[in-house]
>>> print(open('start-v1.csv').read())   # CSV, C-alpha atoms (C1' of nucleotides)
chain,number,residue,atom,x,y,z
A,1,MET,CA,23.9,65.1,-22.4
A,2,SER,CA,24.5,68.7,-21.3
A,3,ALA,CA,24.6,71.5,-23.8
A,4,SER,CA,28.3,72.0,-23.2
A,5,THR,CA,29.1,68.3,-23.7
A,6,LYS,CA,27.1,68.3,-26.9
A,7,LEU,CA,29.0,71.3,-28.1
A,8,SER,CA,32.3,69.7,-27.3
A,9,THR,CA,31.3,66.4,-29.0
A,10,SER,CA,30.2,68.3,-32.1
A,11,VAL,CA,33.5,70.1,-32.4
A,12,LYS,CA,35.4,66.8,-32.0
A,13,ALA,CA,33.4,65.4,-34.9
A,14,LEU,CA,33.9,68.5,-37.0
A,15,CYS,CA,37.6,68.4,-36.4
A,16,TYR,CA,37.7,64.8,-37.5
A,17,LEU,CA,35.8,65.7,-40.7
A,18,GLU,CA,38.2,68.5,-41.4
A,19,GLU,CA,41.2,66.1,-41.1
A,20,VAL,CA,39.9,63.7,-43.7
A,21,HIS,CA,38.2,66.3,-45.9
A,22,PRO,CA,36.8,65.9,-48.5
A,23,LYS,CA,36.4,62.2,-48.0
A,24,PRO,CA,33.0,61.3,-46.5
A,25,VAL,CA,33.2,59.2,-43.3
A,26,SER,CA,30.6,57.1,-41.5
A,27,SER,CA,29.2,57.9,-38.1
A,28,SER,CA,30.8,54.7,-36.8
A,29,GLU,CA,34.2,55.8,-37.8
A,30,ILE,CA,33.8,59.2,-36.2
A,31,ALA,CA,32.2,57.8,-33.1
A,32,GLY,CA,35.0,55.3,-32.7
A,33,SER,CA,37.6,58.1,-32.8
A,34,ILE,CA,35.9,60.2,-30.2
A,35,GLY,CA,34.6,57.4,-28.0
A,36,ILE,CA,30.9,57.7,-28.3
A,37,ASN,CA,28.0,55.6,-29.5
A,38,SER,CA,27.4,56.0,-33.2
A,39,SER,CA,23.6,56.2,-32.8
A,40,LYS,CA,24.0,59.0,-30.3
A,41,LEU,CA,26.5,60.8,-32.6
A,42,ARG,CA,24.1,60.5,-35.6
A,43,ARG,CA,21.4,62.3,-33.5
A,44,ILE,CA,23.8,65.2,-33.0
A,45,LEU,CA,25.1,65.2,-36.6
A,46,SER,CA,21.6,65.2,-38.0
A,47,LEU,CA,21.2,68.6,-36.3
A,48,LEU,CA,24.3,69.9,-37.9
A,49,VAL,CA,23.1,68.7,-41.3
A,50,LYS,CA,19.8,70.5,-40.9
A,51,ASN,CA,21.7,73.7,-40.2
A,52,GLY,CA,23.9,73.4,-43.2
A,53,ILE,CA,27.2,72.9,-41.4
A,54,VAL,CA,27.6,69.3,-42.4
A,55,GLU,CA,26.5,67.3,-45.5
A,56,SER,CA,25.3,63.7,-45.3
A,57,ASN,CA,24.7,60.9,-47.8
A,58,SER,CA,23.1,57.5,-47.3
A,59,GLY,CA,24.3,54.3,-48.7
A,60,THR,CA,27.6,52.7,-49.6
A,61,LYS,CA,30.3,55.4,-49.9
A,62,GLY,CA,28.0,57.7,-48.0
A,63,GLY,CA,28.7,59.4,-44.7
A,64,PHE,CA,29.3,62.9,-43.4
A,65,LYS,CA,31.6,65.7,-44.6
A,66,LEU,CA,31.9,69.4,-44.0
A,67,LYS,CA,29.7,71.7,-46.0
A,68,LYS,CA,31.5,74.9,-45.0
A,69,LEU,CA,35.1,75.9,-44.6
A,70,PRO,CA,36.4,75.7,-41.0
A,71,ALA,CA,37.0,79.4,-41.1
A,72,GLN,CA,33.4,80.0,-41.8
A,73,ILE,CA,32.0,77.9,-39.0
A,74,HIS,CA,31.8,79.5,-35.6
A,75,LEU,CA,30.9,78.1,-32.2
A,76,GLN,CA,27.7,80.1,-31.9
A,77,GLU,CA,26.1,78.5,-35.0
A,78,ILE,CA,27.1,75.1,-33.8
A,79,TYR,CA,25.6,75.9,-30.4
A,80,CYS,CA,22.4,77.1,-31.8
A,81,ALA,CA,22.1,74.1,-34.1
A,82,ILE,CA,22.3,71.6,-31.3
A,83,GLU,CA,20.6,73.4,-28.5
A,84,ASP,CA,17.4,75.3,-28.5
A,85,ARG,CA,17.2,75.8,-24.7
A,86,LYS,CA,19.3,78.7,-23.3
A,87,ALA,CA,22.2,78.1,-21.0
A,88,PHE,CA,20.7,80.3,-18.4
A,89,HIS,CA,17.0,80.0,-18.3
A,90,LEU,CA,14.4,80.7,-15.6
A,91,ASP,CA,11.7,78.3,-14.8
A,92,VAL,CA,9.0,80.9,-14.2
A,93,ARG,CA,6.0,79.5,-12.5
A,94,LYS,CA,3.1,81.9,-12.9
A,95,ASP,CA,1.0,79.9,-10.4
A,96,SER,CA,0.5,81.3,-6.9
A,97,ILE,CA,2.2,84.6,-7.7
A,98,LYS,CA,0.1,87.7,-7.5
A,99,LYS,CA,0.0,90.2,-10.4
A,100,ASN,CA,2.3,93.2,-9.9
A,101,SER,CA,3.8,91.7,-6.8
A,102,LEU,CA,7.5,91.8,-5.9
A,103,PRO,CA,8.1,88.2,-6.8
A,104,GLU,CA,6.5,88.7,-10.2
A,105,LYS,CA,8.5,91.8,-10.9
A,106,LEU,CA,11.7,89.9,-9.9
A,107,ASN,CA,10.8,87.2,-12.4
A,108,PHE,CA,10.8,89.8,-15.2
A,109,TYR,CA,14.0,91.2,-13.9
A,110,PHE,CA,15.8,87.8,-14.0
A,111,LEU,CA,14.3,86.9,-17.4
A,112,ASP,CA,15.9,90.1,-18.7
A,113,LEU,CA,19.2,89.5,-16.9
A,114,PHE,CA,19.5,85.9,-18.1
A,115,ALA,CA,18.7,86.9,-21.7
A,116,GLU,CA,21.6,89.4,-21.4
A,117,VAL,CA,23.9,86.8,-20.2
A,118,GLN,CA,22.9,84.5,-23.0
A,119,VAL,CA,23.7,87.3,-25.5
A,120,ASP,CA,27.1,87.8,-23.9
A,121,ILE,CA,27.9,84.1,-24.2
A,122,GLU,CA,26.8,83.9,-27.8
A,123,ASP,CA,28.8,87.0,-28.7
A,124,LYS,CA,31.9,85.3,-27.3
A,125,MET,CA,31.2,82.2,-29.3
A,126,LYS,CA,30.6,84.1,-32.5
A,127,LYS,CA,34.2,85.2,-32.4
A,128,ILE,CA,35.5,81.6,-32.3
A,129,THR,CA,35.7,79.7,-35.6
A,130,LEU,CA,36.4,76.0,-36.1
A,131,GLN,CA,39.6,77.0,-37.9
A,132,SER,CA,40.8,79.1,-34.9
A,133,ILE,CA,40.3,76.1,-32.6
A,134,ILE,CA,42.2,73.8,-35.0
A,135,ASN,CA,45.1,76.3,-35.1
A,136,LYS,CA,45.2,76.6,-31.4
A,137,ILE,CA,45.2,72.9,-30.8
A,138,ASN,CA,47.9,72.3,-33.4
A,139,ASN,CA,50.2,74.9,-31.8
A,140,ASN,CA,50.2,73.1,-28.4
B,1,MET,CA,15.8,73.3,-9.1
B,2,SER,CA,18.1,75.0,-11.7
B,3,ALA,CA,20.8,77.4,-10.6
B,4,SER,CA,19.0,80.3,-12.1
B,5,THR,CA,15.7,79.5,-10.4
B,6,LYS,CA,17.5,79.1,-7.1
B,7,LEU,CA,19.2,82.4,-7.6
B,8,SER,CA,15.9,84.1,-8.4
B,9,THR,CA,14.2,82.5,-5.3
B,10,SER,CA,17.1,83.6,-3.1
B,11,VAL,CA,16.7,87.2,-4.3
B,12,LYS,CA,13.0,87.1,-3.7
B,13,ALA,CA,13.6,86.0,-0.2
B,14,LEU,CA,16.3,88.6,0.4
B,15,CYS,CA,14.0,91.4,-0.9
B,16,TYR,CA,11.3,90.2,1.5
B,17,LEU,CA,13.8,90.3,4.4
B,18,GLU,CA,14.9,93.8,3.4
B,19,GLU,CA,11.3,95.0,3.4
B,20,VAL,CA,10.6,93.9,7.0
B,21,HIS,CA,14.1,94.5,8.3
B,22,PRO,CA,15.2,94.3,11.1
B,23,LYS,CA,12.3,92.1,12.2
B,24,PRO,CA,13.1,88.4,11.9
B,25,VAL,CA,10.6,86.3,9.9
B,26,SER,CA,10.0,82.6,9.7
B,27,SER,CA,10.6,80.5,6.6
B,28,SER,CA,6.9,79.8,6.4
B,29,GLU,CA,6.1,83.5,6.1
B,30,ILE,CA,8.7,84.1,3.4
B,31,ALA,CA,7.7,80.9,1.6
B,32,GLY,CA,4.1,82.0,1.6
B,33,SER,CA,4.9,85.3,0.0
B,34,ILE,CA,7.0,83.9,-2.8
B,35,GLY,CA,4.9,80.7,-3.4
B,36,ILE,CA,7.3,78.0,-2.5
B,37,ASN,CA,7.5,75.2,0.1
B,38,SER,CA,8.9,76.3,3.4
B,39,SER,CA,11.1,73.2,3.7
B,40,LYS,CA,12.6,73.8,0.3
B,41,LEU,CA,13.2,77.5,1.1
B,42,ARG,CA,15.0,76.6,4.3
B,43,ARG,CA,17.4,74.5,2.4
B,44,ILE,CA,18.3,77.5,0.3
B,45,LEU,CA,18.4,79.9,3.2
B,46,SER,CA,20.7,77.7,5.2
B,47,LEU,CA,23.3,78.1,2.5
B,48,LEU,CA,22.9,81.9,2.7
B,49,VAL,CA,23.3,81.6,6.4
B,50,LYS,CA,26.5,79.6,6.1
B,51,ASN,CA,27.9,82.3,3.8
B,52,GLY,CA,27.2,85.2,6.1
B,53,ILE,CA,24.5,86.8,4.0
B,54,VAL,CA,21.6,86.0,6.3
B,55,GLU,CA,21.3,85.4,10.0
B,56,SER,CA,19.1,82.8,11.5
B,57,ASN,CA,17.7,82.0,15.0
B,58,SER,CA,15.8,79.0,16.2
B,59,GLY,CA,12.8,79.0,18.5
B,60,THR,CA,9.9,81.3,19.2
B,61,LYS,CA,10.7,84.8,17.9
B,62,GLY,CA,13.3,83.2,15.8
B,63,GLY,CA,13.6,83.3,12.0
B,64,PHE,CA,15.7,84.9,9.4
B,65,LYS,CA,17.0,88.5,8.8
B,66,LEU,CA,19.6,90.2,6.7
B,67,LYS,CA,23.2,90.2,8.0
B,68,LYS,CA,24.5,92.7,5.5
B,69,LEU,CA,23.3,95.8,4.0
B,70,PRO,CA,21.6,95.4,0.6
B,71,ALA,CA,24.2,97.6,-1.0
B,72,GLN,CA,26.9,95.2,0.2
B,73,ILE,CA,25.3,92.0,-1.1
B,74,HIS,CA,26.0,91.3,-4.8
B,75,LEU,CA,24.6,88.6,-7.1
B,76,GLN,CA,27.8,86.8,-7.5
B,77,GLU,CA,28.2,86.0,-3.8
B,78,ILE,CA,24.6,84.8,-3.7
B,79,TYR,CA,25.2,82.6,-6.7
B,80,CYS,CA,28.4,81.1,-5.2
B,81,ALA,CA,26.6,80.5,-1.9
B,82,ILE,CA,23.8,78.5,-3.4
B,83,GLU,CA,25.6,76.8,-6.3
B,84,ASP,CA,28.9,75.0,-6.3
B,85,ARG,CA,28.5,73.6,-9.9
B,86,LYS,CA,29.4,75.9,-12.7
B,87,ALA,CA,26.8,77.2,-15.2
B,88,PHE,CA,28.8,75.8,-18.0
B,89,HIS,CA,30.6,72.6,-17.1
B,90,LEU,CA,32.0,69.9,-19.2
B,91,ASP,CA,31.3,66.2,-18.4
B,92,VAL,CA,34.8,65.1,-19.3
B,93,ARG,CA,35.0,61.3,-19.6
B,94,LYS,CA,38.6,60.2,-19.5
B,95,ASP,CA,37.6,56.7,-20.5
B,96,SER,CA,38.2,55.5,-24.0
B,97,ILE,CA,40.1,58.6,-25.1
B,98,LYS,CA,43.8,58.3,-25.9
B,99,LYS,CA,46.4,60.4,-24.4
B,100,ASN,CA,47.5,63.4,-26.5
B,101,SER,CA,44.7,62.7,-29.0
B,102,LEU,CA,42.7,65.4,-30.7
B,103,PRO,CA,39.6,64.6,-28.5
B,104,GLU,CA,41.7,64.9,-25.4
B,105,LYS,CA,43.2,68.2,-26.5
B,106,LEU,CA,39.7,69.5,-27.3
B,107,ASN,CA,38.5,68.5,-23.8
B,108,PHE,CA,41.2,70.8,-22.4
B,109,TYR,CA,40.3,73.5,-24.8
B,110,PHE,CA,36.7,73.5,-23.7
B,111,LEU,CA,37.5,73.2,-20.1
B,112,ASP,CA,39.4,76.5,-20.5
B,113,LEU,CA,36.7,78.1,-22.6
B,114,PHE,CA,33.9,77.3,-20.2
B,115,ALA,CA,36.0,78.5,-17.3
B,116,GLU,CA,36.4,81.8,-19.1
B,117,VAL,CA,32.6,82.0,-19.7
B,118,GLN,CA,32.0,81.4,-16.1
B,119,VAL,CA,34.4,84.2,-15.1
B,120,ASP,CA,32.5,86.6,-17.5
B,121,ILE,CA,29.2,85.7,-15.9
B,122,GLU,CA,30.4,86.1,-12.4
B,123,ASP,CA,32.1,89.4,-13.3
B,124,LYS,CA,28.7,90.6,-14.5
B,125,MET,CA,27.0,89.5,-11.4
B,126,LYS,CA,29.6,91.1,-9.2
B,127,LYS,CA,28.4,94.5,-10.5
B,128,ILE,CA,24.8,93.9,-9.4
B,129,THR,CA,23.9,94.5,-5.8
B,130,LEU,CA,20.7,93.6,-4.0
B,131,GLN,CA,20.2,97.4,-3.5
B,132,SER,CA,20.4,98.1,-7.2
B,133,ILE,CA,17.8,95.4,-7.9
B,134,ILE,CA,15.5,96.9,-5.3
B,135,ASN,CA,15.9,100.4,-6.8
B,136,LYS,CA,15.3,99.2,-10.3
B,137,ILE,CA,12.2,97.2,-9.3
B,138,ASN,CA,10.7,100.2,-7.4
B,139,ASN,CA,11.2,102.6,-10.3
B,140,ASN,CA,9.0,100.5,-12.6
C,1,DT,C1',19.7,42.0,-55.4
C,2,DT,C1',23.1,42.9,-51.8
C,3,DA,C1',25.5,45.7,-48.8
C,4,DC,C1',25.9,49.8,-46.5
C,5,DT,C1',24.6,54.2,-44.3
C,6,DT,C1',21.7,57.9,-42.5
C,7,DG,C1',17.8,59.5,-39.7
C,8,DT,C1',14.6,58.4,-36.5
C,9,DT,C1',12.0,55.8,-33.1
C,10,DA,C1',11.8,52.7,-29.3
C,11,DC,C1',12.9,50.7,-25.1
C,12,DA,C1',14.8,49.3,-20.8
C,13,DC,C1',17.5,51.1,-17.2
C,14,DT,C1',19.1,54.3,-14.2
C,15,DT,C1',19.6,58.7,-12.3
C,16,DA,C1',17.9,63.0,-10.9
C,17,DC,C1',14.5,65.9,-9.2
C,18,DA,C1',10.3,67.7,-7.0
C,19,DG,C1',7.5,68.1,-3.3
C,20,DT,C1',6.4,66.9,1.1
C,21,DA,C1',6.9,65.1,5.6
C,22,DA,C1',9.3,64.2,9.8
C,23,DC,C1',12.2,65.2,13.5
C,24,DA,C1',16.3,66.4,16.5
C,25,DA,C1',18.2,70.6,18.4
C,26,DA,C1',17.8,75.2,19.7
C,27,DT,C1',15.2,78.9,21.8
C,28,DT,C1',11.6,81.4,24.0
C,29,DA,C1',7.6,82.0,27.0
C,30,DA,C1',4.6,80.5,30.5
D,1,DT,C1',9.9,72.3,33.9
D,2,DT,C1',6.8,72.1,30.2
D,3,DA,C1',4.9,73.6,26.0
D,4,DA,C1',5.3,76.0,21.7
D,5,DT,C1',7.9,77.5,18.0
D,6,DT,C1',11.5,77.5,14.5
D,7,DT,C1',15.8,76.1,12.1
D,8,DG,C1',18.6,72.7,9.8
D,9,DT,C1',18.8,68.3,8.0
D,10,DT,C1',17.3,63.8,6.6
D,11,DA,C1',14.1,60.7,4.5
D,12,DC,C1',10.7,59.3,1.4
D,13,DT,C1',7.7,58.7,-2.7
D,14,DG,C1',6.4,59.5,-7.1
D,15,DT,C1',7.5,61.5,-11.4
D,16,DA,C1',10.4,63.3,-15.0
D,17,DA,C1',14.7,63.2,-17.5
D,18,DG,C1',18.7,61.2,-19.2
D,19,DT,C1',21.7,57.2,-20.9
D,20,DG,C1',23.0,53.8,-23.8
D,21,DT,C1',21.8,50.7,-27.0
D,22,DA,C1',19.1,48.4,-30.4
D,23,DA,C1',16.1,48.3,-34.4
D,24,DC,C1',14.5,49.6,-38.7
D,25,DA,C1',12.6,52.2,-42.8
D,26,DA,C1',14.5,54.9,-46.5
D,27,DG,C1',18.0,56.1,-49.4
D,28,DT,C1',22.2,54.9,-52.2
D,29,DA,C1',25.9,52.6,-54.7
D,30,DA,C1',27.9,48.5,-56.8
>>> encode(input="start-v1.csv", output="structure tokens")
Amino acid sequence: MSASTKLSTSVKALCYLEEVHPKPVSSSEIAGSIGINSSKLRRILSLLVKNGIVESNSGTKGGFKLKKLPAQIHLQEIYCAIEDRKAFHLDVRKDSIKKNSLPEKLNFYFLDLFAEVQVDIEDKMKKITLQSIINKINNN
Amino acid sequence: MSASTKLSTSVKALCYLEEVHPKPVSSSEIAGSIGINSSKLRRILSLLVKNGIVESNSGTKGGFKLKKLPAQIHLQEIYCAIEDRKAFHLDVRKDSIKKNSLPEKLNFYFLDLFAEVQVDIEDKMKKITLQSIINKINNN
DNA sequence: TTACTTGTTACACTTACAGTAACAAATTAA
DNA sequence: TTAATTTGTTACTGTAAGTGTAACAAGTAA
């Protein structure tokens, strides 16, 4: 599952939680509504739990519910919770490249550039809250 | 090979071509200098040829050489030449998602958002020329 | 005890990718 | 004409990654 698909799935689940808040709902129920396997969804939700975005409880009457207000959840923290790898990352192979050579210098150049791009993307995501997404969706 | 690695490889090859310009060089020679298989490199270079960035000739005394000045080659056109897929793309599965449902609306939302991110990235790349990279590398 | 739910692991299956080799077509030189 | 060289593309083999599902211990409530 690509990072972007995981992000989209997470937001679908969070929107569902917001709709039924504060009632806790099971992974099966959420999974059914967004068309995904519940086991797979639990793997994603467990990451949101670890990062304090969602609360979970085992047992009967257990399930998931939002731990923060939608206005206080932004895309960047969701993204960071579910994905440790960067969107733009360079597979730098140090083998067979001479020290201080042009290829090595270019590796450093691109590492810097891709880090910059990553910052730009995350800055953009920081400005988008779950609440703003919900508002936009409802006005269409 | 990821898009970012392919981009980095392409620039390494283009820098090499710039160094020896206007002498045409074989894929083996370039591949040797940047530590990659020549067959693999040819697959990348063939895309740059198709997009008018590089010129190629078969046979003895054949090889590759730049078709444009380094100041007139920018990262975005290299990126578009080698990669048709977007950096941020959503695997939208239309199956098992109801029309006009929240999940479907969110799919459209993210398709738009990721398209925006893609534009931002490409705008950034449009401002970077091969010449500016060479200058930066040489001043370090 | 029973029923239910999360969180994690496991597993079979498929897909994707990496790295290399091979070869037709084009080109040059002898 | 023949040989040598080089591109552009295809093929192939082994390995890594991803998909989708199932299974189950641990926690929780009735």
>>> residues_around(input="start-v1.csv", residues="DA22 of chain C", least_positions_apart="2", cutoff="10 Å", atoms="all atoms listed in the file", output="ChimeraX atom specification")
/C:20,24 /D:10-12
>>> interface_residues(input="start-v1.csv", of="chain C", to="chain A", cutoff="9 Å", atoms="all atoms listed in the file", output="ChimeraX atom specification")
/C:3-8
>>> write_last_selection(input="start-v1.csv", atoms="C-alpha atoms (C1' of nucleotides)", output="tab-separated table (two decimals), keeping the file's coordinate frame")
chain	number	residue	atom	x	y	z
C	3	DA	C1'	25.50	45.70	-48.80
C	4	DC	C1'	25.90	49.80	-46.50
C	5	DT	C1'	24.60	54.20	-44.30
C	6	DT	C1'	21.70	57.90	-42.50
C	7	DG	C1'	17.80	59.50	-39.70
C	8	DT	C1'	14.60	58.40	-36.50
>>> interface_residues(input="start-v1.csv", of="chain D", to="chain B", cutoff="8 Å", atoms="all atoms listed in the file", output="PyMOL selection string")
chain D and resi 4-8
>>> closest_atom_pairs(input="start-v1.csv", of="segment 1-85 of chain B", to="segment 10-19 of chain C", cutoff="10 Å", atoms="only C-alpha atoms (C1' of nucleotides)", output="tab-separated table")
residue	atom	partner	partner_atom	distance
B:Met1	CA	C:DC17	C1'	7.5
B:Ile36	CA	C:DG19	C1'	9.9
B:Asn37	CA	C:DG19	C1'	7.9
B:Ser39	CA	C:DG19	C1'	9.4
B:Lys40	CA	C:DG19	C1'	8.5
>>> closest_residue(input="start-v1.csv", among="B:Ile133, B:Val49, B:Ile44, B:Ile73", to="chain A", atoms="only C-alpha atoms")
B:Ile133
>>> residues_around(input="start-v1.csv", residues="Ser33 of chain A", least_positions_apart="2", cutoff="12 Å", atoms="all atoms listed in the file", output="ChimeraX atom specification")
/A:9,12-17,25-31,35-38,41 /B:96-98,101-104
>>> atom_distance(input="start-v1.csv", atom1="atom CA of Tyr109 of chain A", atom2="atom CA of Leu130 of chain B")
12.2 Å
>>> atom_distance(input="start-v1.csv", atom1="atom CA of His74 of chain A", atom2="atom CA of Lys126 of chain A")
5.7 Å
>>> atom_distance(input="start-v1.csv", atom1="atom CA of Lys67 of chain B", atom2="atom CA of Lys50 of chain B")
11.3 Å
>>> closest_residue(input="start-v1.csv", among="A:Lys23, A:Ile34, A:Lys127, A:Ala71", to="chain B", atoms="only C-alpha atoms")
A:Ile34
>>> residues_around(input="start-v1.csv", residues="Cys80 of chain A", least_positions_apart="4", cutoff="12 Å", atoms="only C-alpha atoms (C1' of nucleotides)", output="ChimeraX atom specification")
/A:3-4,6-7,10,47-48,50-51,53,74-76,84-87,118,121-122,125-126
>>> closest_residue(input="start-v1.csv", among="B:Lys68, B:Lys105, B:Lys99, B:His21", to="chain A", atoms="all atoms listed in the file")
B:Lys105
